[in-house]
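Content type TSV, C-alpha atoms, from the file work30.tsv:
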chain	number	residue	atom	x	y	z
G	1	MET	CA	93.36	111.11	58.57
G	2	MET	CA	93.88	108.82	61.58
G	3	LYS	CA	96.49	111.22	63.02
G	4	ASN	CA	93.95	114.06	62.86
G	5	ILE	CA	91.31	111.92	64.57
G	6	ILE	CA	93.75	110.99	67.33
G	7	ARG	CA	94.78	114.64	67.77
G	8	LEU	CA	91.16	115.77	68.12
G	9	PHE	CA	90.41	112.94	70.51
G	10	LEU	CA	93.35	113.90	72.73
G	11	VAL	CA	92.23	117.53	72.77
G	12	SER	CA	88.74	116.50	73.88
G	13	ILE	CA	90.24	114.46	76.72
G	14	LEU	CA	92.47	117.32	77.87
G	15	VAL	CA	89.64	119.85	77.81
G	16	VAL	CA	87.31	117.84	80.03
G	17	GLY	CA	89.80	115.40	81.54
G	18	CYS	CA	88.99	116.14	85.15
G	19	MET	CA	85.24	116.48	84.91
G	20	GLY	CA	83.37	114.18	87.26
G	21	ALA	CA	80.52	111.87	86.37
G	22	GLY	CA	77.58	113.69	84.88
G	23	GLY	CA	79.72	116.81	84.46
G	24	ARG	CA	79.73	117.59	88.18
G	25	GLY	CA	83.33	118.81	88.24
G	26	ASN	CA	85.43	116.64	90.54
G	27	GLY	CA	82.51	114.54	91.76
G	28	GLY	CA	80.15	116.27	94.19
G	29	GLY	CA	82.55	118.28	96.35
G	30	LEU	CA	85.68	116.13	96.23
G	31	LYS	CA	89.06	117.80	95.91
G	32	MET	CA	92.74	117.04	95.57
G	33	ASN	CA	94.76	116.74	98.79
G	34	PHE	CA	91.63	116.73	100.96
G	35	TYR	CA	93.60	115.24	103.87
G	36	GLY	CA	96.62	117.54	103.51
G	37	LYS	CA	95.96	119.39	106.78
G	38	LEU	CA	93.68	116.80	108.37
G	39	CYS	CA	96.02	113.83	108.52
G	40	ARG	CA	99.79	113.66	108.27
G	41	LEU	CA	101.36	110.51	109.67
G	42	ASP	CA	104.74	112.20	109.78
G	43	ARG	CA	106.33	115.34	108.35
G	44	LEU	CA	106.79	113.67	104.96
G	45	VAL	CA	104.20	110.89	105.22
G	46	THR	CA	100.73	111.63	103.87
G	47	VAL	CA	97.54	109.62	103.50
G	48	GLU	CA	98.28	109.18	99.81
G	49	SER	CA	101.87	108.05	100.33
G	50	THR	CA	100.78	105.59	103.02
G	51	VAL	CA	98.19	104.00	100.73
G	52	ARG	CA	100.71	103.87	97.89
G	53	GLN	CA	103.43	102.24	100.00
G	54	ILE	CA	101.15	99.44	101.21
G	55	VAL	CA	99.48	98.83	97.84
G	56	TRP	CA	102.75	98.82	95.91
G	57	SER	CA	104.24	96.31	98.34
G	58	LYS	CA	101.21	94.03	97.88
G	59	VAL	CA	101.23	94.26	94.08
G	60	SER	CA	104.99	93.70	94.01
G	61	ALA	CA	104.51	90.48	95.97
G	62	ASP	CA	101.39	89.43	94.03
G	63	PRO	CA	100.89	91.13	90.62
G	64	SER	CA	97.32	89.78	90.40
G	65	MET	CA	96.39	92.14	93.24
G	66	ALA	CA	96.28	95.06	90.78
G	67	ALA	CA	93.20	93.68	89.02
G	68	LYS	CA	91.59	92.71	92.33
G	69	LEU	CA	91.78	96.20	93.81
G	70	LEU	CA	90.65	97.84	90.56
G	71	ARG	CA	87.64	95.50	90.40
G	72	LEU	CA	86.81	96.22	94.05
G	73	HIS	CA	86.53	99.94	93.30
G	74	TYR	CA	84.42	99.34	90.18
G	75	HIS	CA	82.00	97.02	91.97
G	76	ASP	CA	81.70	99.49	94.84
G	77	CYS	CA	80.93	102.53	92.69
G	78	PHE	CA	78.21	100.88	90.61
G	79	VAL	CA	76.06	100.05	93.65
G	80	ARG	CA	75.05	103.06	95.77
G	81	GLY	CA	78.01	105.03	94.45
G	82	CYS	CA	81.61	105.10	95.67
G	83	ASP	CA	80.74	104.79	99.35
G	84	ALA	CA	82.61	101.62	100.43
G	85	SER	CA	79.28	99.81	100.91
G	86	ILE	CA	80.85	96.72	99.32
G	87	LEU	CA	83.19	96.41	102.30
G	88	LEU	CA	80.46	95.90	104.91
G	89	ASP	CA	80.20	92.40	106.32
G	90	PRO	CA	76.76	90.74	106.54
G	91	THR	CA	74.92	91.01	109.83
G	92	GLN	CA	72.36	88.81	111.50
G	93	ASN	CA	69.57	90.75	109.79
G	94	THR	CA	71.19	91.89	106.52
G	95	THR	CA	72.88	90.23	103.58
G	96	THR	CA	75.29	92.86	102.29
G	97	GLU	CA	76.68	93.56	98.81
G	98	LYS	CA	79.73	91.36	99.26
G	99	THR	CA	77.48	88.29	99.62
G	100	ALA	CA	75.73	88.83	96.25
G	101	GLY	CA	76.65	86.41	93.46
G	102	PRO	CA	78.69	88.83	91.30
G	103	ASN	CA	80.71	89.91	94.35
G	104	ARG	CA	81.54	86.53	95.86
G	105	SER	CA	84.75	86.38	93.84
G	106	ILE	CA	85.83	89.87	94.91
G	107	SER	CA	89.03	89.95	96.98
G	108	GLY	CA	91.52	92.47	98.28
G	109	TYR	CA	89.52	93.35	101.38
G	110	GLU	CA	92.48	92.54	103.63
G	111	VAL	CA	94.60	95.18	101.87
G	112	ILE	CA	91.97	97.85	102.57
G	113	ASP	CA	91.83	96.68	106.21
G	114	GLU	CA	95.61	96.99	106.58
G	115	ILE	CA	95.61	100.52	105.18
G	116	LYS	CA	92.68	101.56	107.36
G	117	THR	CA	94.33	100.17	110.50
G	118	LYS	CA	97.51	102.13	109.85
G	119	LEU	CA	95.66	105.38	109.13
G	120	GLU	CA	93.31	105.01	112.10
G	121	ALA	CA	96.28	104.58	114.45
G	122	LYS	CA	97.58	108.04	113.51
G	123	CYS	CA	94.40	109.85	112.42
G	124	PRO	CA	91.38	108.24	114.09
G	125	GLY	CA	88.04	109.00	112.44
G	126	ILE	CA	89.53	111.07	109.61
G	127	VAL	CA	90.13	108.97	106.48
G	128	SER	CA	87.17	107.25	104.86
G	129	CYS	CA	87.18	103.68	103.61
G	130	ALA	CA	85.66	104.95	100.35
G	131	ASP	CA	88.69	107.14	99.71
G	132	ILE	CA	91.04	104.28	100.59
G	133	VAL	CA	89.33	102.06	97.99
G	134	ALA	CA	89.63	104.76	95.31
G	135	LEU	CA	93.29	105.48	96.10
G	136	ALA	CA	94.16	101.77	96.31
G	137	ALA	CA	92.67	101.08	92.87
G	138	ARG	CA	94.71	103.90	91.31
G	139	ASP	CA	97.91	102.83	93.04
G	140	ALA	CA	97.41	99.16	92.17
G	141	VAL	CA	97.37	99.98	88.45
G	142	SER	CA	100.10	102.61	88.82
G	143	PHE	CA	102.67	100.23	90.34
G	144	GLN	CA	103.56	98.89	86.89
G	145	PHE	CA	104.47	102.41	85.74
G	146	GLN	CA	105.89	103.74	89.03
G	147	LYS	CA	103.83	106.89	88.66
G	148	GLU	CA	100.24	107.99	89.25
G	149	MET	CA	98.12	107.04	86.26
G	150	TRP	CA	95.19	109.32	87.16
G	151	PRO	CA	94.33	111.88	89.85
G	152	VAL	CA	92.15	110.78	92.76
G	153	PHE	CA	89.97	113.46	94.29
G	154	THR	CA	89.19	112.72	97.94
G	155	GLY	CA	86.69	113.72	100.62
G	156	ARG	CA	84.19	110.85	100.25
G	157	LYS	CA	82.28	109.63	103.29
G	158	ASP	CA	81.31	106.03	103.93
G	159	GLY	CA	77.79	104.72	103.43
G	160	THR	CA	75.79	103.02	106.16
G	161	VAL	CA	73.61	100.80	103.94
G	162	SER	CA	74.66	97.73	101.96
G	163	LEU	CA	72.12	95.34	100.41
G	164	ALA	CA	72.83	92.25	98.34
G	165	SER	CA	69.50	92.75	96.57
G	166	GLU	CA	70.77	95.97	94.94
G	167	VAL	CA	73.77	94.42	93.21
G	168	GLY	CA	72.17	92.52	90.32
G	169	GLY	CA	70.26	95.45	88.86
G	170	ASN	CA	73.11	97.93	89.10
G	171	LEU	CA	76.27	96.02	88.25
G	172	PRO	CA	76.81	95.37	84.52
G	173	SER	CA	77.13	91.65	83.80
G	174	ALA	CA	79.44	89.68	81.53
G	175	GLY	CA	76.43	88.65	79.47
G	176	ALA	CA	74.96	92.13	78.90
G	177	ASN	CA	74.28	93.51	75.42
G	178	PHE	CA	75.29	97.01	74.31
G	179	THR	CA	71.92	98.65	75.04
G	180	THR	CA	71.88	97.30	78.58
G	181	LEU	CA	75.47	98.32	79.21
G	182	LEU	CA	74.95	101.86	77.95
G	183	THR	CA	71.78	102.22	80.02
G	184	GLN	CA	73.47	101.00	83.18
G	185	PHE	CA	76.42	103.33	82.67
G	186	GLY	CA	74.04	106.16	81.84
G	187	THR	CA	72.19	105.82	85.14
G	188	LYS	CA	75.52	106.50	86.85
G	189	GLY	CA	76.17	109.64	84.83
G	190	LEU	CA	78.70	107.85	82.63
G	191	ASN	CA	78.68	107.92	78.84
G	192	LEU	CA	79.65	105.75	75.88
G	193	ASN	CA	83.30	106.80	76.02
G	194	ASP	CA	83.40	105.80	79.69
G	195	LEU	CA	81.80	102.45	78.88
G	196	VAL	CA	84.40	101.60	76.25
G	197	ALA	CA	87.36	102.92	78.26
G	198	LEU	CA	86.39	101.29	81.56
G	199	SER	CA	85.79	97.99	79.78
G	200	GLY	CA	89.52	98.20	79.09
G	201	ALA	CA	90.05	97.25	82.74
G	202	HIS	CA	89.66	93.72	81.37
G	203	THR	CA	93.23	94.07	80.15
G	204	ILE	CA	94.24	92.72	83.57
G	205	GLY	CA	92.77	89.96	85.69
G	206	ILE	CA	91.12	86.61	85.28
G	207	SER	CA	87.67	85.10	85.07
G	208	HIS	CA	86.34	81.53	85.17
G	209	CYS	CA	84.85	79.05	82.74
G	210	THR	CA	81.35	79.25	84.20
G	211	LEU	CA	80.96	82.83	82.95
G	212	VAL	CA	81.65	81.89	79.33
G	213	ALA	CA	80.16	78.39	79.20
G	214	ARG	CA	76.92	79.46	77.50
G	215	ARG	CA	78.88	81.43	74.92
G	216	LEU	CA	80.92	78.33	74.07
G	217	TYR	CA	78.36	75.54	74.20
G	218	ASN	CA	74.77	76.74	74.11
G	219	PHE	CA	74.57	80.34	72.94
G	220	THR	CA	71.10	80.20	71.37
G	221	GLY	CA	69.86	77.07	73.13
G	222	VAL	CA	70.73	74.56	70.38
G	223	GLY	CA	74.24	73.57	71.47
G	224	ASP	CA	76.01	76.26	69.43
G	225	ALA	CA	78.79	78.77	70.07
G	226	ASP	CA	78.46	82.54	69.82
G	227	PRO	CA	79.05	83.29	66.10
G	228	SER	CA	80.67	86.63	66.97
G	229	LEU	CA	83.53	84.79	68.69
G	230	ASP	CA	86.67	84.06	66.65
G	231	VAL	CA	86.53	80.37	65.70
G	232	SER	CA	90.10	79.53	66.72
G	233	TYR	CA	89.73	81.42	70.00
G	234	ALA	CA	86.49	79.56	70.71
G	235	GLN	CA	88.31	76.27	70.14
G	236	THR	CA	91.06	77.35	72.53
G	237	LEU	CA	88.50	78.28	75.18
G	238	ARG	CA	86.67	74.97	74.79
G	239	GLY	CA	89.99	73.21	75.33
G	240	LEU	CA	90.47	75.15	78.55
G	241	CYS	CA	86.83	74.78	79.58
G	242	PRO	CA	85.59	71.30	78.61
G	243	ASN	CA	81.94	70.51	79.28
G	244	PRO	CA	80.97	70.24	82.14
G	245	GLN	CA	83.07	73.15	83.37
G	246	ASN	CA	85.30	73.16	86.40
G	247	PRO	CA	84.29	76.38	88.21
G	248	ALA	CA	87.82	76.69	89.57
G	249	THR	CA	89.45	76.90	86.12
G	250	ALA	CA	90.82	80.41	85.55
G	251	LEU	CA	90.83	82.23	82.21
G	252	GLU	CA	92.89	85.29	81.33
G	253	MET	CA	90.60	88.12	80.26
G	254	ASP	CA	93.39	89.46	78.06
G	255	PRO	CA	95.20	86.36	76.74
G	256	LYS	CA	98.94	86.28	77.50
G	257	SER	CA	98.77	89.80	78.91
G	258	SER	CA	96.57	89.52	82.01
G	259	LEU	CA	99.17	90.95	84.40
G	260	THR	CA	100.11	93.91	82.20
G	261	PHE	CA	97.99	97.04	81.98
G	262	ASP	CA	98.05	97.92	78.27
G	263	SER	CA	95.83	98.41	75.22
G	264	ASP	CA	96.07	94.80	74.04
G	265	TYR	CA	92.47	94.24	75.15
G	266	TYR	CA	91.25	96.40	72.26
G	267	ARG	CA	93.43	94.66	69.70
G	268	ALA	CA	92.06	91.30	70.84
G	269	LEU	CA	88.53	92.69	70.75
G	270	ASN	CA	88.95	93.81	67.13
G	271	GLN	CA	90.03	90.25	66.35
G	272	HIS	CA	86.76	89.02	67.95
G	273	LYS	CA	88.66	87.55	70.87
G	274	GLY	CA	86.89	89.37	73.69
G	275	LEU	CA	86.14	86.87	76.46
G	276	PHE	CA	82.65	88.04	77.43
G	277	VAL	CA	79.45	88.83	75.57
G	278	SER	CA	79.75	92.31	77.12
G	279	ASP	CA	83.17	92.71	75.49
G	280	ALA	CA	81.88	91.68	72.05
G	281	ALA	CA	78.91	94.01	72.55
G	282	LEU	CA	81.22	97.01	72.17
G	283	LEU	CA	81.57	96.17	68.47
G	284	THR	CA	77.80	96.12	67.84
G	285	ASN	CA	77.44	99.92	67.95
G	286	ARG	CA	79.13	102.10	65.32
G	287	GLN	CA	80.34	104.80	67.71
G	288	SER	CA	81.50	102.27	70.29
G	289	ALA	CA	83.33	100.21	67.65
G	290	ARG	CA	85.10	103.38	66.50
G	291	MET	CA	86.23	104.00	70.08
G	292	VAL	CA	87.50	100.43	70.35
G	293	ASN	CA	89.58	101.06	67.24
G	294	LEU	CA	90.98	104.33	68.60
G	295	LEU	CA	91.84	102.90	72.01
G	296	GLN	CA	94.17	100.36	70.48
G	297	ASN	CA	96.56	103.31	70.69
G	298	ARG	CA	98.24	102.97	74.10
G	299	GLY	CA	98.46	106.69	74.77
G	300	LEU	CA	94.82	107.31	73.87
G	301	PHE	CA	93.67	104.43	76.06
G	302	PHE	CA	95.65	105.61	79.08
G	303	ALA	CA	94.35	109.17	78.67
G	304	GLN	CA	90.70	108.15	78.26
G	305	PHE	CA	90.91	105.55	81.03
G	306	ALA	CA	92.28	108.17	83.40
G	307	LYS	CA	89.46	110.57	82.54
G	308	SER	CA	86.82	107.87	82.94
G	309	MET	CA	88.24	106.66	86.27
G	310	VAL	CA	87.97	110.20	87.63
G	311	ARG	CA	84.37	110.33	86.43
G	312	MET	CA	83.52	106.92	87.89
G	313	GLY	CA	85.17	107.88	91.17
G	314	GLY	CA	82.66	110.74	91.47
G	315	VAL	CA	79.56	108.55	91.12
G	316	GLY	CA	77.14	108.87	94.02
G	317	VAL	CA	79.72	110.16	96.48
G	318	LEU	CA	78.63	111.11	99.98
G	319	THR	CA	79.87	114.55	101.05
G	320	ASN	CA	78.60	117.67	102.84
G	321	GLY	CA	77.32	115.95	105.98
G	322	GLN	CA	76.21	112.71	104.35
G	323	GLY	CA	77.56	109.36	105.47
G	324	GLU	CA	80.21	108.74	108.13
G	325	ILE	CA	83.86	107.85	108.60
G	326	ARG	CA	83.85	104.20	109.66
G	327	LYS	CA	86.22	103.11	112.39
G	328	SER	CA	86.36	99.71	110.74
G	329	CYS	CA	85.70	99.35	107.04
G	330	ARG	CA	83.69	96.17	107.60
G	331	VAL	CA	81.22	97.56	110.13
G	332	VAL	CA	78.93	100.59	110.40
G	333	ASN	CA	79.81	102.73	113.41
G	334	GLY	CA	77.84	101.78	116.52
G	335	GLN	CA	77.28	98.16	115.53

Just give me the structure as structure tokens.
Amino acid sequence: MMKNIIRLFLVSILVVGCMGAGGRGNGGGLKMNFYGKLCRLDRLVTVESTVRQIVWSKVSADPSMAAKLLRLHYHDCFVRGCDASILLDPTQNTTTEKTAGPNRSISGYEVIDEIKTKLEAKCPGIVSCADIVALAARDAVSFQFQKEMWPVFTGRKDGTVSLASEVGGNLPSAGANFTTLLTQFGTKGLNLNDLVALSGAHTIGISHCTLVARRLYNFTGVGDADPSLDVSYAQTLRGLCPNPQNPATALEMDPKSSLTFDSDYYRALNQHKGLFVSDAALLTNRQSARMVNLLQNRGLFFAQFAKSMVRMGGVGVLTNGQGEIRKSCRVVNGQ
């Protein structure tokens, strides 16, 4: 029975595997090899190979960079779409997305800057920061496997607006329940399968005690822990995060596997060892819980994650005369 379910699930992924968010094909006019004739750094050196070479060297030196660049892409796409608005530095008159609370722990900006500098030197005004972010996220995850884990359609332009005030309402939080998560994904043209698969990004990376303190010590306001959390895991977390919490204390989002991109996140989740309320929320809906069970299979997770990353990469993209190609990823042209 389970083999038949897995077979049907794989077929559904293959049939619509490269559909963009909301069913808009590859994401509003994006295409493979967009820069093929527009920018070649050398006879054999392309935009894609340049991004890959820099990202792989960074992840090789610091394996935690994979999660950082993946998170950067995710946080960018959920606010104003995948337009690199998260990269813009604040100005005298504007507090930008990167200054908002949920984004203050974002890093990896210097990797994007290095890639942009190299591409601008050979192809000025051609390659967008938004495409660099999308390619860097893919390549950061792919380093572990030494092959591309999903296709990245390119041709995005960069946005010219970035507002800290827009982050909170658009970016799903660690404390969100299932209804809120599904609604927030839905407004981006993403569905339940995307929600469950993209949550699997928590298989790599770290968080901090402050984001789980309420879940450990005061879940309903009477000094209790979240009853949906495995008792032994809760005890372990309280040992790592004694009250009051040290905001600098790091926690693996996928215990003992936070540097390896795999399906262990779903196995831990089924054992009620998801770190966040938003992780545990995936088990509170029948269809979502069924997906969590299916995605414990490594092959199914990789296939669905690839499909969902393509769909997320098409959210709110600027093409066909919209946006610009920034000269510097941190500043709107002309400023």

- Message: When you look at Gly108 of chain G with a cut-off of 10 Å (counting all atoms listed in the file), what residues show up, excluding the ones that are within fewer than 6 positions of it in the same chain? I need them as a list in words.
- Response: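 Result of the neighbour search: Lys58, Met65, Ala66, Ala67, Lys68, Leu69, Leu70, Arg71, Leu72, Val133 and Ala136 of chain G.
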
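Across the model, the gap from atom CA of Ala281 of chain G to atom CA of Lys188 of chain G is 19.3 Å.
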
- Query: Excluding same-chain residues fewer than 2 positions from segment 226-233 of chain G, what lies within 9 Å of it counting all atoms listed in the file, as an NGL selection string?
  - Reply: :G and (214-220 or 224 or 235-238 or 271-275 or 277 or 280)

Pull the closest atom pair for each residue of segment 58-155 of chain G that gets at most 9 Å from segment 302-324 of chain G, along with the distance in Å to one decimal, counting all atoms listed in the file, ordering rows by chain and then ascending residue number, as a tab-separated table.
residue	atom	partner	partner_atom	distance
G:His73	CA	G:Gly313	CA	8.3
G:Tyr74	CA	G:Met312	CA	8.0
G:Cys77	CA	G:Val315	CA	6.4
G:Phe78	CA	G:Val315	CA	7.8
G:Val79	CA	G:Gly316	CA	8.9
G:Arg80	CA	G:Gly316	CA	6.4
G:Gly81	CA	G:Gly316	CA	4.0
G:Cys82	CA	G:Val317	CA	5.5
G:Asp83	CA	G:Val317	CA	6.2
G:Gly125	CA	G:Glu324	CA	8.9
G:Ser128	CA	G:Glu324	CA	7.8
G:Ala130	CA	G:Val317	CA	8.8
G:Ala134	CA	G:Gly313	CA	6.8
G:Arg138	CA	G:Met309	CA	8.7
G:Met149	CA	G:Ala306	CA	6.6
G:Trp150	CA	G:Ala306	CA	4.9
G:Pro151	CA	G:Val310	CA	6.9
G:Val152	CA	G:Val310	CA	6.6
G:Phe153	CA	G:Val310	CA	7.7
G:Gly155	CA	G:Thr319	CA	6.9

- Kindly give the distance, in Å, that separates atom CA of Val167 of chain G and atom CA of Asp76 of chain G, rounded to a single decimal. 9.6 Å

- Find the residues around Ser85 of chain G up to 10 Å (all atoms listed in the file counted), leave out those fewer than 6 positions away in its own chain, and share them as an MDAnalysis selection string. chainID G and resid 75:77 79 96:98 129:130 158:163 329:332

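Using only C-alpha atoms, the smallest distance between any of G:Ser328, G:Gln144, G:Ser207, G:Asn177 and Ala84 of chain G comes from G:Ser328.
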
- Message: One number please: atom CA of Val45 of chain G to atom CA of Ala137 of chain G, in Å, one decimal.
- Response: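 Result for atom CA of Val45 of chain G versus atom CA of Ala137 of chain G: 19.5 Å, one decimal.
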
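Distances here use all atoms listed in the file; by that measure, the residue among G:Val196, G:Ala250, G:Leu88, G:Leu181 closest to Asp113 of chain G is G:Leu88.
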
- Near Arg267 of chain G, counting only C-alpha atoms, which residues have an atom at most 10 Å away, once you skip same-chain residues fewer than 6 positions from it, shown as a PyMOL selection string? chain G and resi 254+273-274+292-293+295-297

- Within 9 Å of Ser199 of chain G, counting all atoms listed in the file, which residues show up once you throw out same-chain ones fewer than 3 positions away? Write them as a ChimeraX atom specification, please. /G:194-196,202-203,265,278-279,282

Dump of C-alpha atoms for the selected residues, as a JSON list (two decimals), keeping the file's coordinate frame:
[["chain", "number", "residue", "atom", "x", "y", "z"],
["G", 194, "ASP", "CA", 83.40, 105.80, 79.69],
["G", 195, "LEU", "CA", 81.80, 102.45, 78.88],
["G", 196, "VAL", "CA", 84.40, 101.60, 76.25],
["G", 202, "HIS", "CA", 89.66, 93.72, 81.37],
["G", 203, "THR", "CA", 93.23, 94.07, 80.15],
["G", 265, "TYR", "CA", 92.47, 94.24, 75.15],
["G", 278, "SER", "CA", 79.75, 92.31, 77.12],
["G", 279, "ASP", "CA", 83.17, 92.71, 75.49],
["G", 282, "LEU", "CA", 81.22, 97.01, 72.17]]

- Message: I'd like to know which of G:Ile206, G:Lys118, G:Leu211, G:Gly168 is closest to Ala100 of chain G, using all atoms listed in the file.
- Response: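 Of G:Ile206, G:Lys118, G:Leu211, G:Gly168, the one nearest Ala100 of chain G is G:Gly168, counting all atoms listed in the file.
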